[in-house]
Structure formats: structure tokens, C-alpha cells
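Asks: Enclosed is the structure file protein-v5.txt (compact mmCIF, C-alpha atoms).
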# COMPACT_ATOMS: atom_id res chain seq x y z
CA MET A 1 97.06 129.16 93.02
CA LYS A 2 97.96 127.25 89.89
CA ILE A 3 95.15 127.78 87.42
CA SER A 4 94.59 125.78 84.24
CA GLU A 5 92.08 126.53 81.51
CA LYS A 6 88.48 125.48 81.78
CA LYS A 7 87.81 122.16 80.08
CA ALA A 8 85.24 121.64 77.33
CA LYS A 9 81.74 121.09 78.79
CA GLU A 10 83.01 121.89 82.30
CA ASN A 11 80.48 124.07 84.12
CA ASN A 12 81.57 126.81 86.52
CA ARG A 13 81.02 124.76 89.68
CA ASP A 14 82.96 121.79 88.32
CA TYR A 15 85.75 124.10 87.17
CA ALA A 16 85.99 125.74 90.59
CA PHE A 17 85.87 122.31 92.28
CA ARG A 18 88.69 120.93 90.12
CA ILE A 19 90.99 123.93 90.52
CA ILE A 20 90.52 124.17 94.28
CA LYS A 21 91.01 120.42 94.72
CA GLU A 22 94.16 120.40 92.57
CA ASN A 23 95.63 123.28 94.54
CA ILE A 24 94.88 121.56 97.84
CA ILE A 25 96.59 118.38 96.63
CA ASN A 26 99.65 120.16 95.23
CA LEU A 27 99.84 122.20 98.46
CA GLU A 28 99.48 125.57 96.80
CA LEU A 29 96.58 125.86 99.25
CA LYS A 30 98.40 124.68 102.34
CA PRO A 31 96.85 122.68 105.20
CA GLY A 32 95.39 125.07 107.75
CA SER A 33 95.19 128.04 105.38
CA MET A 34 92.05 130.17 105.17
CA ILE A 35 90.16 130.38 101.88
CA SER A 36 88.42 133.45 100.56
CA GLU A 37 85.50 132.67 98.25
CA GLN A 38 85.77 136.13 96.72
CA ASP A 39 89.52 135.89 96.09
CA ILE A 40 89.14 132.51 94.37
CA ALA A 41 86.18 133.77 92.35
CA ASN A 42 88.26 136.73 91.19
CA GLU A 43 91.21 134.50 90.23
CA LEU A 44 88.95 132.16 88.26
CA ASN A 45 86.89 135.01 86.80
CA LEU A 46 83.70 133.51 88.26
CA SER A 47 80.92 134.67 90.53
CA ARG A 48 81.01 133.55 94.16
CA THR A 49 78.15 131.07 93.75
CA PRO A 50 80.04 128.27 91.91
CA VAL A 51 83.01 128.71 94.25
CA HIS A 52 80.72 128.46 97.27
CA GLU A 53 79.10 125.32 95.83
CA ALA A 54 82.53 123.78 95.13
CA LEU A 55 83.66 124.42 98.70
CA GLN A 56 80.45 122.92 100.05
CA GLU A 57 81.07 119.75 98.03
CA LEU A 58 84.71 119.56 99.12
CA SER A 59 83.61 119.89 102.73
CA THR A 60 81.75 116.57 102.42
CA THR A 61 85.14 114.86 101.94
CA LYS A 62 86.48 116.63 105.08
CA ILE A 63 89.27 118.28 103.09
CA ILE A 64 87.63 121.68 103.66
CA GLN A 65 86.26 122.91 106.97
CA ILE A 66 83.52 125.54 106.79
CA LEU A 67 83.10 127.79 109.83
CA PRO A 68 79.73 129.60 109.97
CA GLN A 69 80.17 133.39 109.77
CA ARG A 70 83.96 133.00 109.65
CA GLY A 71 84.78 131.37 106.32
CA SER A 72 86.50 128.20 105.17
CA TYR A 73 89.94 126.72 105.63
CA VAL A 74 91.91 123.79 104.26
CA SER A 75 91.85 120.93 106.75
CA LEU A 76 95.04 119.84 108.42
CA ILE A 77 96.14 116.33 107.42
CA ASP A 78 94.31 113.72 109.47
CA LEU A 79 96.39 110.51 109.46
CA SER A 80 93.37 108.40 110.36
CA LEU A 81 91.73 109.45 107.07
CA VAL A 82 95.00 108.85 105.21
CA ASP A 83 95.25 105.35 106.68
CA GLU A 84 91.64 104.60 105.74
CA ALA A 85 92.32 105.72 102.16
CA ILE A 86 95.42 103.49 101.97
CA PHE A 87 93.44 100.53 103.31
CA MET A 88 90.60 100.96 100.84
CA ARG A 89 92.86 101.56 97.86
CA SER A 90 95.21 98.66 98.58
CA THR A 91 92.29 96.27 99.14
CA ILE A 92 90.52 97.15 95.88
CA GLU A 93 93.44 97.94 93.60
CA VAL A 94 95.37 94.75 94.32
CA ALA A 95 92.30 92.74 93.26
CA VAL A 96 91.93 94.91 90.15
CA ALA A 97 95.58 94.42 89.22
CA GLU A 98 95.34 90.64 89.54
CA LEU A 99 92.35 90.73 87.19
CA ALA A 100 94.33 92.94 84.81
CA CYS A 101 96.90 90.13 84.44
CA ASP A 102 94.21 88.15 82.59
CA LYS A 103 92.63 91.03 80.69
CA ALA A 104 95.50 93.29 79.54
CA SER A 105 95.74 93.49 75.74
CA GLU A 106 98.88 94.27 73.77
CA GLN A 107 97.66 97.85 73.34
CA ASP A 108 97.03 98.16 77.09
CA LEU A 109 100.62 97.15 77.75
CA ILE A 110 101.87 99.62 75.14
CA ASN A 111 99.91 102.39 76.83
CA MET A 112 101.39 101.55 80.22
CA GLU A 113 104.90 101.39 78.80
CA GLU A 114 104.44 104.81 77.20
CA ASN A 115 103.37 106.12 80.59
CA LEU A 116 106.55 104.72 82.15
CA ASN A 117 108.68 106.33 79.44
CA LEU A 118 107.11 109.68 80.26
CA GLN A 119 107.74 109.08 83.97
CA ASN A 120 111.42 108.59 83.18
CA PHE A 121 111.48 111.77 81.10
CA PHE A 122 109.90 113.97 83.77
CA LEU A 123 111.95 112.29 86.49
CA GLU A 124 115.06 113.57 84.73
CA LYS A 125 113.45 117.03 84.53
CA GLN A 126 112.48 116.81 88.23
CA ASN A 127 108.95 117.89 87.30
CA ILE A 128 106.98 116.79 90.36
CA ASP A 129 103.59 117.93 89.04
CA LYS A 130 103.93 115.84 85.87
CA LEU A 131 105.20 112.84 87.83
CA PHE A 132 102.23 113.05 90.18
CA ASN A 133 99.78 113.08 87.26
CA LEU A 134 101.56 110.22 85.49
CA ASP A 135 101.53 108.23 88.72
CA ASP A 136 97.74 108.65 88.81
CA SER A 137 97.44 107.66 85.14
CA PHE A 138 99.58 104.55 85.64
CA HIS A 139 97.24 103.26 88.33
CA LYS A 140 94.11 104.40 86.49
CA ASN A 141 95.15 102.20 83.55
CA LEU A 142 94.63 99.12 85.73
CA TYR A 143 91.01 100.12 86.27
CA LYS A 144 90.54 100.88 82.57
CA ILE A 145 91.91 97.47 81.58
CA THR A 146 89.44 95.72 83.89
CA ASN A 147 86.48 98.04 83.20
CA LYS A 148 86.38 99.14 86.84
CA LEU A 149 86.43 102.92 86.41
CA GLN A 150 83.54 103.40 88.85
CA CYS A 151 85.76 101.85 91.50
CA TYR A 152 88.52 104.25 90.49
CA GLN A 153 86.25 107.28 90.88
CA MET A 154 85.14 106.12 94.32
CA ILE A 155 88.75 105.69 95.40
CA LYS A 156 89.78 109.08 94.00
CA THR A 157 87.19 110.78 96.21
CA MET A 158 88.66 109.19 99.33
CA ASN A 159 92.21 109.52 98.06
CA ILE A 160 92.27 113.30 98.39
CA HIS A 161 93.61 112.83 101.94
CA LEU A 162 96.28 110.39 100.78
CA ASP A 163 97.22 112.56 97.80
CA ARG A 164 98.66 115.31 100.00
CA ILE A 165 100.94 112.76 101.67
CA ARG A 166 101.98 111.51 98.23
CA GLU A 167 102.80 115.07 97.19
CA LEU A 168 104.88 115.65 100.34
CA HIS A 169 106.67 112.35 99.73
CA LEU A 170 107.56 113.31 96.16
CA GLN A 171 108.75 116.74 97.28
CA SER A 172 110.88 115.51 100.15
CA THR A 173 112.49 112.34 98.75
CA ASN A 174 114.00 111.06 95.53
CA PRO A 175 110.97 110.15 93.37
CA SER A 176 113.03 107.65 91.36
CA SER A 177 112.00 104.91 93.83
CA VAL A 178 108.34 105.43 92.88
CA VAL A 179 109.15 105.12 89.17
CA ASP A 180 111.21 101.97 89.82
CA GLU A 181 108.32 100.39 91.69
CA HIS A 182 105.98 101.15 88.77
CA LYS A 183 108.42 99.44 86.39
CA LYS A 184 108.47 96.29 88.52
CA ILE A 185 104.67 96.21 88.73
CA PHE A 186 104.45 96.61 84.95
CA ILE A 187 106.91 93.76 84.30
CA ALA A 188 104.92 91.44 86.60
CA LEU A 189 101.70 92.46 84.85
CA LYS A 190 103.23 91.88 81.43
CA ASN A 191 104.37 88.41 82.54
CA LYS A 192 100.88 87.68 83.96
CA ASP A 193 102.55 87.06 87.31
CA LYS A 194 99.61 87.50 89.69
CA ASN A 195 101.62 86.75 92.83
CA GLY A 196 104.25 89.24 91.78
CA VAL A 197 101.67 91.92 90.96
CA ARG A 198 99.88 91.32 94.26
CA ASN A 199 103.03 91.58 96.38
CA LEU A 200 104.65 94.47 94.51
CA LEU A 201 101.51 96.58 94.34
CA ASN A 202 100.58 95.95 97.96
CA GLU A 203 104.06 96.98 99.07
CA HIS A 204 103.93 100.04 96.78
CA LEU A 205 100.56 101.22 98.10
CA THR A 206 101.15 100.57 101.79
CA LYS A 207 104.74 101.84 102.10
CA LEU A 208 103.42 105.27 103.09
CA TYR A 209 102.40 103.72 106.42
CA SER A 210 106.08 103.45 107.30
CA GLN A 211 106.87 106.95 106.00
CA GLU A 212 104.09 108.86 107.77
CA ASN A 213 106.12 109.67 110.89
CA GLU A 214 109.12 110.86 108.89
CA ILE A 215 106.92 113.09 106.71
CA LYS A 216 105.08 114.40 109.77
CA LYS A 217 108.40 115.39 111.37
CA LYS A 218 109.41 117.42 108.31
CA PHE A 219 106.03 119.11 107.89
CA SER A 220 104.63 119.07 111.42
CA ASN A 221 102.55 122.24 110.94
CA TYR A 222 100.53 120.49 108.21
CA PHE A 223 99.17 117.77 110.51
CA GLU A 224 96.53 117.53 113.17
Now that the file is in, can you turn its structure into C-alpha cells?
Replies:
Amino acid sequence: MKISEKKAKENNRDYAFRIIKENIINLELKPGSMISEQDIANELNLSRTPVHEALQELSTTKIIQILPQRGSYVSLIDLSLVDEAIFMRSTIEVAVAELACDKASEQDLINMEENLNLQNFFLEKQNIDKLFNLDDSFHKNLYKITNKLQCYQMIKTMNIHLDRIRELHLQSTNPSSVVDEHKKIFIALKNKDKNGVRNLLNEHLTKLYSQENEIKKKFSNYFE
């Protein structure tokens, strides 16, 4: 697993939850793989209790399957849950982005442009992990601008199923297309072009529908 340091004020359960979730999304913990509570506890230098609690919470999102007396494993990718996540995100985020056209301040636009500059930098370095995080931050900025961070948190919970598809897409294709799409969305936002933002963002968020079959062919053992 990839393990980062514990954050300030992060309790043991939250720390275990974050690390396990991140490693599921970045595919260090691969779909279908068994999970040992004790092994994870040892790696994180924790007792088994917070790891057990973290796995229980993750199981409520269906990303972890817990088998009584047998242990836990990372769920295979269920495309019906991916499609539901895409539907929910595209429905809510397009509305948020249109609102952001009216609300974005000069500093908000500066922040988003700085994010895009970093995307370009890490694109050149082919650093997929950084690009994935900056992708998240780019979209999160829309919710910050419109004071809709509760909506963002709700979507992030559901998005865990979509995030693995996003990771596979970034790993298997040229991620420059994702960065280019972000640039176009930003320009439309900066110009307060609501129609442009709506169309560009909707296309950006729903394009994975058309790529699911191709990704499934390449990584068939990851899917139900």
C-alpha cells in the first residue's frame, strides 16, 4: 500500500479509512483482492479495532465486501454503481458550475488557473497520482465557489466507484485530453458562458459512459 502520514486531528479510524480508501482508488488494493485487518494494522502501526471500523464503514458504500468468518475483500467494479455515480455527479455538478459563472471572484479564477498550471506540470512529469488529485481539486473548486461543499462530500462518497474507472482511464490513455477539457471548462467559466460550461462539463463528466467497454476489455478481471 501507499501510506501517507497521519493528518493533524485525524483519529485512528479516520486515518485507516482514508488510507484504505486511497489505496482502493489508486488500485494498490486491486478489485477482488482479499484484505487482512492485521496486515493493514501492522502497516499503519495501529491496533485492529480502527482498521475493522474503517472496513465496516467502507462496506456501507459497497466498495468492500465483508464475509463472515472469512474476511474482507475489495469489491469488483460494478458498472451499474459507476453509472449511477456519473448520473448523480453530472446532474448536480453541471448546476453548480452554472451557478459558479455568476459567483466566481477574481481570486477564485486565479486559484483555478493555478490548479491548471500544476496539471500541466505534472502532465509533463506523467505523475498520475498528482494529476488525479488535481483533477479532484479542480472540480471541488466549483463547489467552494458556490458554497456547496456538502453536495461535494455527498458526491465523493458515491464517487468511490467512479474513481477507480477514472484511475484506469488515466493509466491506460493519454491524460492530456482530461487537462485540455479542464482548460476549456475554465475558459467558459471565466467568460461567464453558462451554455458553454453546461455543455463542456456535461460532456467531460459523461464521456466515461462511452469508454467503459474499452476499459473493461483491458482490465476484464477487475469487473463483475
Asks: Rounded to one decimal in Å, what is the spacing between atom CA of Glu53 of chain A and atom CA of Ile165 of chain A?
Replies: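 Computed distance, atom CA of Glu53 of chain A to atom CA of Ile165 of chain A, equals 25.9 Å.
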Asks: Would you mind telling me which residue in A:Ile63, A:Leu81, A:Ile128, A:Leu76 lies nearest to Gln171 of chain A when using all atoms listed in the file?
Replies: A:Ile128
Asks: Quick one: contact table of segment 121-163 of chain A to segment 103-116 of chain A, 7 Å max, nearest atom pair and distance in Å to one decimal per residue, counting all atoms listed in the file, chain and number order, as CSV?
Replies:
residue,atom,partner,partner_atom,distance
A:Leu134,CA,A:Asn115,CA,6.6
A:Phe138,CA,A:Met112,CA,6.5
A:Ile145,CA,A:Ala104,CA,5.9
A:Thr146,CA,A:Lys103,CA,6.5
Asks: Just to confirm, what's the straight-line distance from atom CA of Gln126 of chain A to atom CA of Leu170 of chain A in Å (one decimal)?
Replies: 10.0 Å
Asks: Arg18 of chain A: which residues within 10 Å, counting all atoms listed in the file, same-chain residues fewer than 3 positions away excluded, as a ChimeraX atom specification?
Replies: /A:3-4,6,10,12-15,21-24,54,58
Asks: Counting only C-alpha atoms, select every polymer residue within 7 Å of (103.5, 114.3, 92.6) as defined in the file's coordinates, and provide the selection as a PyMOL selection string.
Replies: chain A and resi 128-133+166-167+170
Asks: Find, counting only C-alpha atoms, the residue in A:Ile20, A:Val197, A:Ala8, A:Leu189 that gets nearest to Ile40 of chain A.
Replies: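 Looking only at the distances to Ile40 of chain A, the closest residue turns out to be A:Ile20.
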Asks: Would you compute the distance between atom CA of His139 of chain A and atom CA of Val96 of chain A? Give it in Å to one decimal.
Replies: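 Going from atom CA of His139 of chain A over to atom CA of Val96 of chain A, I get 10.1 Å.
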Asks: At a cut-off of 12 Å, using all atoms listed in the file, what residues contact segment 211-214 of chain A? Leave out same-chain residues fewer than 4 positions from it and give the result as a list in words.
Replies: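 The residues that qualify are Ile77, Asp78, Leu79, Ser80, Val82, Asp83, Ile86, Leu162, Arg164, Ile165, Arg166, Leu168, His169, Leu170, Ser172, Thr173, His204, Leu205, Thr206, Lys207, Lys218, Phe219, Ser220 and Phe223 of chain A.
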Asks: Using only C-alpha atoms, which of the listed residues (A:Pro31, A:Ala100, A:Glu43, A:Val51) sits closest to Lys144 of chain A?
Replies: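 Checking each candidate against Lys144 of chain A, we get A:Ala100 as the closest.
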Asks: Looking at all atoms listed in the file, which of A:His161, A:Lys156, A:Lys2, A:Lys140 is the one that sits closest to Leu29 of chain A?
Replies: A:Lys2
Asks: My list of candidates is A:Val94, A:Leu99, A:Ile215, A:Ile19. Which is closest to Asn202 of chain A when distances are computed with all atoms listed in the file?
Replies: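 Of A:Val94, A:Leu99, A:Ile215, A:Ile19, the one nearest Asn202 of chain A is A:Val94, counting all atoms listed in the file.
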Asks: Using all atoms listed in the file, pick whichever of A:Thr61, A:Asn117, A:Asn45, A:Ser36 has the shortest atom-to-atom distance to Asn159 of chain A.
Replies: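 Counting all atoms listed in the file, the residue closest to Asn159 of chain A is A:Thr61.
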Asks: Any chance you could work out the axis-aligned box around segment 52-61 of chain A, listed atoms only, 8 Å on each side, giving centre and edge lengths in Å to one decimal, as JSON?
Replies:
{"center_x": 82.1, "center_y": 121.7, "center_z": 98.9, "size_x": 22.0, "size_y": 29.6, "size_z": 23.6}
